[in-house]
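Here the structure comes first, spelled out in C-alpha cells, and everything after it is commentary.
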Amino acid sequence: MNDVPRFAVVGHPNKGKSSIVATLAQNDGIAIALEPGTTRNSDVYPLRVDGVVLYELIDTPGFQRPRQALAWMQAHSRAASDRPDTVRAFVIQHAGEARFHDECELLQPIIDGAGILYVVDGSVPYSSENEAEMEILRWTGRPSLALINHIGENDCSAPWEAALGQYFRIVRQFNAVQAPFEEHLSLLRGFGELASGWREPLERAVQYLREQGNQRDHQSVTLIATAIGDMLRHVETLSLREGVDRTAATQTLRVRWRDWQRQREQRLRHDIEKLYQHNRLERRESELAWDAGDDLFSERARHVWGVSSTYLAAVGFGAGALGGVGIDALAVGHTLGAGALIGGILGAAGSVYYAGKLDRFKLGPLSAGGQQARFGPVHDPQFGYVVLGRALEHAWHIARRNHAARDPLAFGNSNDRWLQHLTRRERVALQKALLTPPRDVGDTRRRTALEDSVGHAAAAFAAWCTEQ
Amino acid sequence: MRNLSLLLDFDEQYRRDRQQDRRFLHRRDRHLATEQDIDGSRGSLPAWLKAVRGHDLDNAHAGAHLRAWRWMRVLFVAGGSVLGAATMLGLLYYDGGRRINVTLIIAVALLELLLALLTTAQAWIGWQPWHVVFRTLAARWLPEHAEPQPVLRTLAGPLAARIAQSAGLAFGIAALVVLLSQVVIHDLAFGWSTTLQASAPAYHEMTSALAWPWRSWMPSAVPSLALVEQSRYFRVGPAVATNPELLGIWWRFIAMLWLFYVILPRVVLLALARAQLALRVRHQLADHPGRAALRERCTTPWIDSGGGAGTGTLPPADGGTLSPSPATPGRVMIRWADAGDPGLAPQWLGADALGLDAGGSASLDADGAVLEQARAMGGPVIILARGWEPPTGELADFITHACGRLDRVPIQLLPLASGPQPTLAAAPALAPWQRFIKRLQQPNVVVVDVPAKGGTP
C-alpha cells in the first residue's frame with residue numbers, strides 16, 4: 001500500500017480542490033459548492049485497474065487556521081531538520097480538536113507519505129493569506145506541485161505563478177471545468193514527475209485512461225447506432241374491434257409511437273451519460289414533459305437537424321444508384337448503366353417523397369378477429385437525420401464534459417453543415433443505412449453498415465465542432 | 001443443436017444485460033475473465049453463461065423456445081411417414097385388371113425430387129411464405145411463441161427447411177419400406193403406359209438414363225429393351241401378359257429409382273439444411289452484437305476511478321439573502337487579508353479615520369495589536385473582507401476576539417466584490433457570509449453594505 005502514489009489535494013477553502021478531484025477521478029458525485037465546509041473530511045479516490053490501485057487522489061478540507069498552526073509549529077521547532085517531525089507532532093497534538101480539525105485532516109495523508117497538490121484560484125488576485133499555508137506545506141518536506149485552477153473568468157495567474165514558484169518546484173495551470181481530456185492525462189503524467197517511483201504507475205494509469213477514453217467513444221457510437229436502429233424500425237400496434245373509431249385509434253397510436261421514440265432517445269442519453277460516468281447530470285430539457293422547442297418531433301428539431309430536399313435528392317440518387325449498379329452487374333453491362341440511372345431516380349424520388357411523411361398507419365387482419373392497426377416503421381429519411389444529429393450533439397457534449405462541471409447541459413445550437421465533413425461516399429452510405437436499418441439483432445450486415453456510418457458521422461460532427 | 005441452444009441462451013442473456021448498468025457488466029465480465037480464463041471466445045461462452053447465471057447451462061430457456069420447433073419436426077416426420085406409406089400403397093394399388101404404371105411412379109419420384117430442391121432453394125433465398133400461417137397458428141395455440149426471439153426469427157428458414165427435408169426423408173423411407181414389403185408379400189405386375197406417342201426404345205432410353213447412377217454396378221436394376229417392349233400396356237387392349245414373371249422384374253428399377261431420386265437427395269439436402277443451420281448459427285454467434293461487447297469487456301481492464309459514489313454534502317441552496325443595510329460610519333476600518341484599498345478608510349470615514357490591516361501575512365500578535373488600537377479609538381468597526389474568498393476559521397477567531405475586546409461595539413463585516421470599485425459582493429457570494437455571521441452567534445456582528453455617501457460623522 002505504501003508503494004502506491006498518493007496525492008493530497010490541498011489548499012485554501014473553495015479554490016477548486018474538489019473540482020480537480022472530480023475531474024481527475026471522473027466523479028461528478030463529489031460535492032462542489034461555493035461555500036467552505038463542503039469538504040470536512042479527507043476522501044480517498046483510488047484509480048483501480050482490475051482491482052490494482054495505481055494511484056490515489058485525496059480530497060481534503062481547506063486550511064482554516066494556517067497562521068495559528070504555523071505559529072504553533074514555529075514555537076515547537078528548533079531547526080529546519082525537525083520541521084517534518086514538528087508537522088507530525090502538530091497533527092498528533094491537535095487530533096480530535098475542533099479548532100484544527102481541518103488542518104489535521106489535510107495534513108494527515110501528507111505526513112503518511114502523500115504528495116502535495118496545492119490548488120489556488122488563478123482567477124482571483126493573489127492573497128498573502130496563502131503564505132502561511134504554503135509555508136506549512138514546505139515544512140512537511142513532501143514532493144509537491146502547485147496547480148493554478150481557474151474558477152472565474154479573470155486571469156490573475158501571473159502573480160500567483162511568481163509567488164508559488166518560491167514554494168513549489170512545479171507550477172502548472174489547470175482548468176478543472178474546461179480542460180480537455182488530454183490535459184487531464186498530461187497533468188497525471190506530471191504527478192509522476194514528483195517522485196522517481198511514481199512515474200511508472202502514473203504512466204500506466206495514463207495509458208489505461210487513454211484506452212478507456214477511446215473505448216468509450218467507440219461504445220457511444222454503438223449505443224447511438226443501436227438506438228437509431230430501434231427507433232427507425234419501431235412499430236406500435238393496436239387491436240381494433242368492430243365499431244372502434246379509427247380516427248381515434250390512429251391518434252392513440254401516433255401518441256404512443258411518439259412517446260416511445262422520446263423515451264428511447266431519453267434512454268440513449270442516459271446510457272451515454274452513464275458510459276462517461278456522468279451520473280448526476282442536469283439537463284435543461286425536462287424528462288418527459290417535453291418543451292415544445294426541444295421535442296424530438298418539434299419543428300425546431302427538424303429545422304436544426306433535418307436536411308434540405310436537395311441534399312436528400314442528391315444523396316438519395318447516389319444510394320439508389322448504388323443498388324441499380326447491382327442490376328447492371330448482373331446483366332454484365334448490357335443495360336448500359338440503365339440500372340444505376342433508374343435506381344438513382346427512384347432513390348431520389350423516394351427520399352423526397354417520404355420526407356416529412358412521418359406517419360405510417362396500416363390496417364391488417366387480426367388472427368382472433370377484428371383488425372390490427374400498425375403505426376410505423378418510419379420511412380421519412382428526415383427522422384433519421386434528426387435522431388442522429390441530436391444524439392451526436394449530446395454525445396459530443398458528454399464526452400468532452402468534465403466531471404467538475406455543474407452547469408446544465410443545453411442542446412440545439414447546431415445545424416446540418418456538419419454533414420459537409422462527410423465524403424460523398426460516406427453521405428450516400430449514411431442515407432442508405434438510415435433508410436434500411438437493421439431488421440433485427442441478427443441482421444449483421446445492416447447493423448455493421450449503420451455502425452460504420454454513425455462512426456463516420458461522429459467523426460465528422462467532432463471535426464465540425466472543433467472548427468466552430 | 002448445441003450451438004443453437006448456446007446462441008439462444010446467449011442472446012437471452014444479452015437482452016437481459018442490455019438493461020444492466022455497463023459499469024457493472026464490465027466489472028463482472030472482467031472479473032470472470034481474470035478468474036476463470038473467459039475471454040468471450042466461442043469456447044468460453046458456456047462457462048461464461050454458467051458463471052453469469054450461477055448454474056449449469058441446462059438449456060431451459062433455449063428448450064422453451066425450441067420446443068415448438070421440435071414438436072413440429074416430430075409431427076412432420078410422422079406425417080411424412082404416413083403420407084409416404086399411403087402414397088406408395090396408392091401407387092402400388094393393383095386390382096388385378098390393370099398393371100401398376102411405372103410412368104406414374106417415375107413422375108411421383110421426380111416430383112418429390114423437385115419439391116426437395118425447391119425447399120432447399122427457398123431456405124437459401126430466405127422466402128418464408130408459411131411464416132404468416134405459422135405466426136397466426138402460434139398466436140392462437142402457442143401465444144408465448146407467437147413472437148419468438150429475433151435471433152430465432154432469422155433462423156426460421158433453415159429450421160423449417162430441416163423439418164421439411166426430414167419429413168421428405170421419412171416420406172421416402174416409409175414409401176420404400178412399403179414397396180419392398182409389397183414386393184415380398186404380393187405378386188406385383190408392373191407395366192408402363194402413356195398417351196404420348198412414345199416408342200418402347202425411347203422409353204427404354206429414358207429408363208436407362210434414369211438408371212445411370214446404378215447401371216454400372218447393378219445392371220439387374222436396369223430394365224432391358226425386351227422388358228420395356230413386353231411390359232407396355234394400353235388401357236383398351238389385352239390385359240394378359242405374354243410372360244407374367246417378366247413384369248415383376250420392374251421392382252428393382254423402381255426401388256433403386258426411389259432410393260436415388262427420393263431418399264438420397266433428401267439425405268443430402270437434409271445434411272445441407274443442417275449444415276446451413278449450423279453455419280448460420282455459427283455466424284450469428286460470431287457476429288452477435290453481444291459477442292463484440294463481451295470480448296471487449298473481457299479483454300479490457302476494469303478501470304474504477306471511484307466514479308460511482310458521491311461524497312460531501314452541499315450546503316443549503318442560496319436564496320433568501322437579505323439586502324444588507326449600509327454600514328454605520330465609525331472611525332475604524334480593518335482590512336482583513338489585504339481586502340480593499342488602503343485609501344478607503346479616509347474616503348468613507350473621514351480624514352481622521354484609522355485604517356488597520358489584519359489577517360493575511362500579518363502575524364497573530366499584529367492582529368491583537370489591531371484590536372487594541374480599535375478599542376482605543378472606540379465606535380463601530382468596519383471589517384473589509386474579500387467577498388469572493390470564503391470566510392475562514394481565522395476570521396471567525398478574529399471577530400470573536402474583537403467581540404470580546406471591543407465590548408458590544410457594532411462590528412460590521414463588509415465582503416467586497418472583486419473588481420476595481422469597492423462594492424458589496426453580489427448575492428451568491430454574499431450568502432455564505434451571512435450564514436457565517438449567523439454561525440458566530442454574536443449579536444453585535446452584522447454584514448453591511450458600503451456606507452451611504454455623505455455618511456461621514
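All residue names refer to the C-alpha cells as shown: chains lettered A, B, ... in order, residues numbered from 1 in each chain, ligands numbered from 1 in order.
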Residue neighbourhood Ala345 (chain B), 10 Å, only C-alpha atoms, exclusion window fewer than 4 positions, as a VMD selection string
chain B and resid 329 to 335 340 to 341 349 to 356 382
File of the preceding selection, C-alpha atoms, as a PDB file, in the first residue's frame:
ATOM      1  CA  PRO B 329     -19.633  55.015   9.686  1.00  0.00           C
ATOM      2  CA  GLY B 330     -17.288  54.878  12.642  1.00  0.00           C
ATOM      3  CA  ARG B 331     -13.641  55.746  12.944  1.00  0.00           C
ATOM      4  CA  VAL B 332     -12.013  52.362  12.460  1.00  0.00           C
ATOM      5  CA  MET B 333     -11.728  50.263   9.321  1.00  0.00           C
ATOM      6  CA  ILE B 334      -9.829  46.953   9.352  1.00  0.00           C
ATOM      7  CA  ARG B 335      -8.716  45.386   6.067  1.00  0.00           C
ATOM      8  CA  GLY B 340      -9.894  46.670  -0.486  1.00  0.00           C
ATOM      9  CA  ASP B 341      -7.745  49.688  -0.977  1.00  0.00           C
ATOM     10  CA  LEU B 349     -14.917  57.501   7.250  1.00  0.00           C
ATOM     11  CA  GLY B 350     -13.155  60.829   7.069  1.00  0.00           C
ATOM     12  CA  ALA B 351      -9.573  62.024   7.235  1.00  0.00           C
ATOM     13  CA  ASP B 352      -9.127  61.127  10.889  1.00  0.00           C
ATOM     14  CA  ALA B 353     -10.336  57.553  10.455  1.00  0.00           C
ATOM     15  CA  LEU B 354      -7.968  54.744  11.379  1.00  0.00           C
ATOM     16  CA  GLY B 355      -7.166  52.203   8.645  1.00  0.00           C
ATOM     17  CA  LEU B 356      -5.713  48.955  10.030  1.00  0.00           C
ATOM     18  CA  ILE B 382     -15.911  48.051   9.710  1.00  0.00           C
TER      19      ILE B 382
END
Residues near Gly213 (chain A), anyone? I mean within 9 Å using only C-alpha atoms, not counting same-chain ones fewer than 5 positions away, as a PyMOL selection string.
chain A and resi 181+208+218+276+399
For chain A, which residue among B:Gly368, B:Gly378, B:Gly404, B:Gly359 is the nearest when counting only C-alpha atoms?
B:Gly359
Quick one: of B:Arg162, B:Arg22, B:Arg99, B:Arg215, who's nearest to chain A, counting only C-alpha atoms?
B:Arg22
Close residues, Ala271 (chain B) itself excluded, 12 Å, only C-alpha atoms, min 5 positions apart in chain, as a VMD selection string
chain B and resid 120 158 161 to 163 165 to 166 169 264 to 266 276 to 279
Store the residues of this selection in a file with C-alpha atoms, as a PDB file, in the first residue's frame.
ATOM      1  CA  THR B 120     -33.634 -26.012 -50.314  1.00  0.00           C
ATOM      2  CA  PRO B 158     -33.111 -23.135 -42.165  1.00  0.00           C
ATOM      3  CA  ALA B 161     -36.031 -26.439 -44.292  1.00  0.00           C
ATOM      4  CA  ARG B 162     -34.594 -29.015 -41.940  1.00  0.00           C
ATOM      5  CA  ILE B 163     -38.050 -30.048 -40.821  1.00  0.00           C
ATOM      6  CA  GLN B 165     -36.308 -32.328 -45.520  1.00  0.00           C
ATOM      7  CA  SER B 166     -36.726 -34.637 -42.516  1.00  0.00           C
ATOM      8  CA  LEU B 169     -36.885 -38.293 -45.965  1.00  0.00           C
ATOM      9  CA  LEU B 264     -30.688 -39.965 -51.266  1.00  0.00           C
ATOM     10  CA  PRO B 265     -31.460 -36.399 -52.417  1.00  0.00           C
ATOM     11  CA  ARG B 266     -33.420 -35.918 -49.229  1.00  0.00           C
ATOM     12  CA  GLN B 276     -26.856 -24.293 -43.415  1.00  0.00           C
ATOM     13  CA  LEU B 277     -28.447 -24.047 -39.989  1.00  0.00           C
ATOM     14  CA  ALA B 278     -25.159 -24.790 -38.260  1.00  0.00           C
ATOM     15  CA  LEU B 279     -23.381 -22.253 -40.462  1.00  0.00           C
TER      16      LEU B 279
END
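The residue that comes closest to Gln108 (chain A), out of A:Val10, A:Ala395, A:Leu330, A:Val177 and on the basis of only C-alpha atoms, is A:Val10.
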B:Met256, B:Leu25, B:Leu413, B:Ala109: which is nearest Val52 (chain B), counting only C-alpha atoms?
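Smallest distance to Val52 (chain B) is found for B:Leu25.
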Set the distance at 6 Å and use only C-alpha atoms: which residues neighbour Val428 (chain A) once local chain neighbours fewer than 4 positions away are removed? I'd like the list as a list in words.
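Contacts, with the query itself left out: Val315, Gly318 and Ala319 of chain A.
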Just the strand (DSSP E or B) stuff from region 350-407 of chain B, please, per backbone DSSP, written as number ranges by chain.
B: 354-358, 381-386
Residue neighbourhood Ala349 (chain A), 12 Å, only C-alpha atoms, exclusion window fewer than 3 positions, as a list of chain:residue names
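With the cut-off at 12 Å, the set is A:Ser309, A:Thr310, A:Leu312, A:Ala313, A:Ala314, A:Val315, A:Gly316, A:Phe317, A:Gly318, A:Ala319, A:Gly320, A:Ala321, A:Ile342, A:Gly343, A:Gly344, A:Ile345, A:Leu346, A:Val352, A:Tyr353, A:Tyr354, A:Ala355, A:Pro381.
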Alpha helix (DSSP H) positions in region 168-205 of chain B, given as a list in words:
Gly168, Leu169, Ala170, Phe171, Gly172, Ile173, Ala174, Ala175, Leu176, Val177, Val178, Leu179, Leu180, Ser181, Gln182, Val183, Val184, Ile185, Ala200, Pro201, Ala202, Tyr203, His204 and Glu205 of chain B
For CA of Arg424 (chain A) and CA of Thr444 (chain A), the interatomic separation in Å (one decimal):
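These two atoms are separated by 23.8 Å.
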Mind checking which residues fall within 9 Å of Arg291 (chain B), counting only C-alpha atoms, ignoring those fewer than 6 positions away in the same chain, and posting them as a VMD selection string?
chain B and resid 10 14 40 to 42 285
File dump, residues just selected, C-alpha atoms, as a CSV table (one decimal), in the first residue's frame:
chain,number,residue,atom,x,y,z
B,10,PHE,CA,-26.5,-16.1,-25.1
B,14,TYR,CA,-27.5,-10.3,-24.0
B,40,GLY,CA,-15.5,-14.1,-24.8
B,41,SER,CA,-14.5,-16.6,-27.4
B,42,ARG,CA,-16.9,-19.3,-28.7
B,285,LEU,CA,-22.8,-16.4,-32.7
With a distance cut-off of 12 Å and only C-alpha atoms, select the neighbouring residues of region 82-92 of chain B, excluding the residue or stretch itself and same-chain residues fewer than 6 positions from it, and output the selection as a PyMOL selection string.
chain B and resi 75-76+98-109+112+167-183+186-191+251+254-255+258+262-263
Measure the distance from CA of Val221 (chain A) to CA of Gly455 (chain A) in Å and round it to one decimal.
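Interatomic distance here is 5.8 Å.
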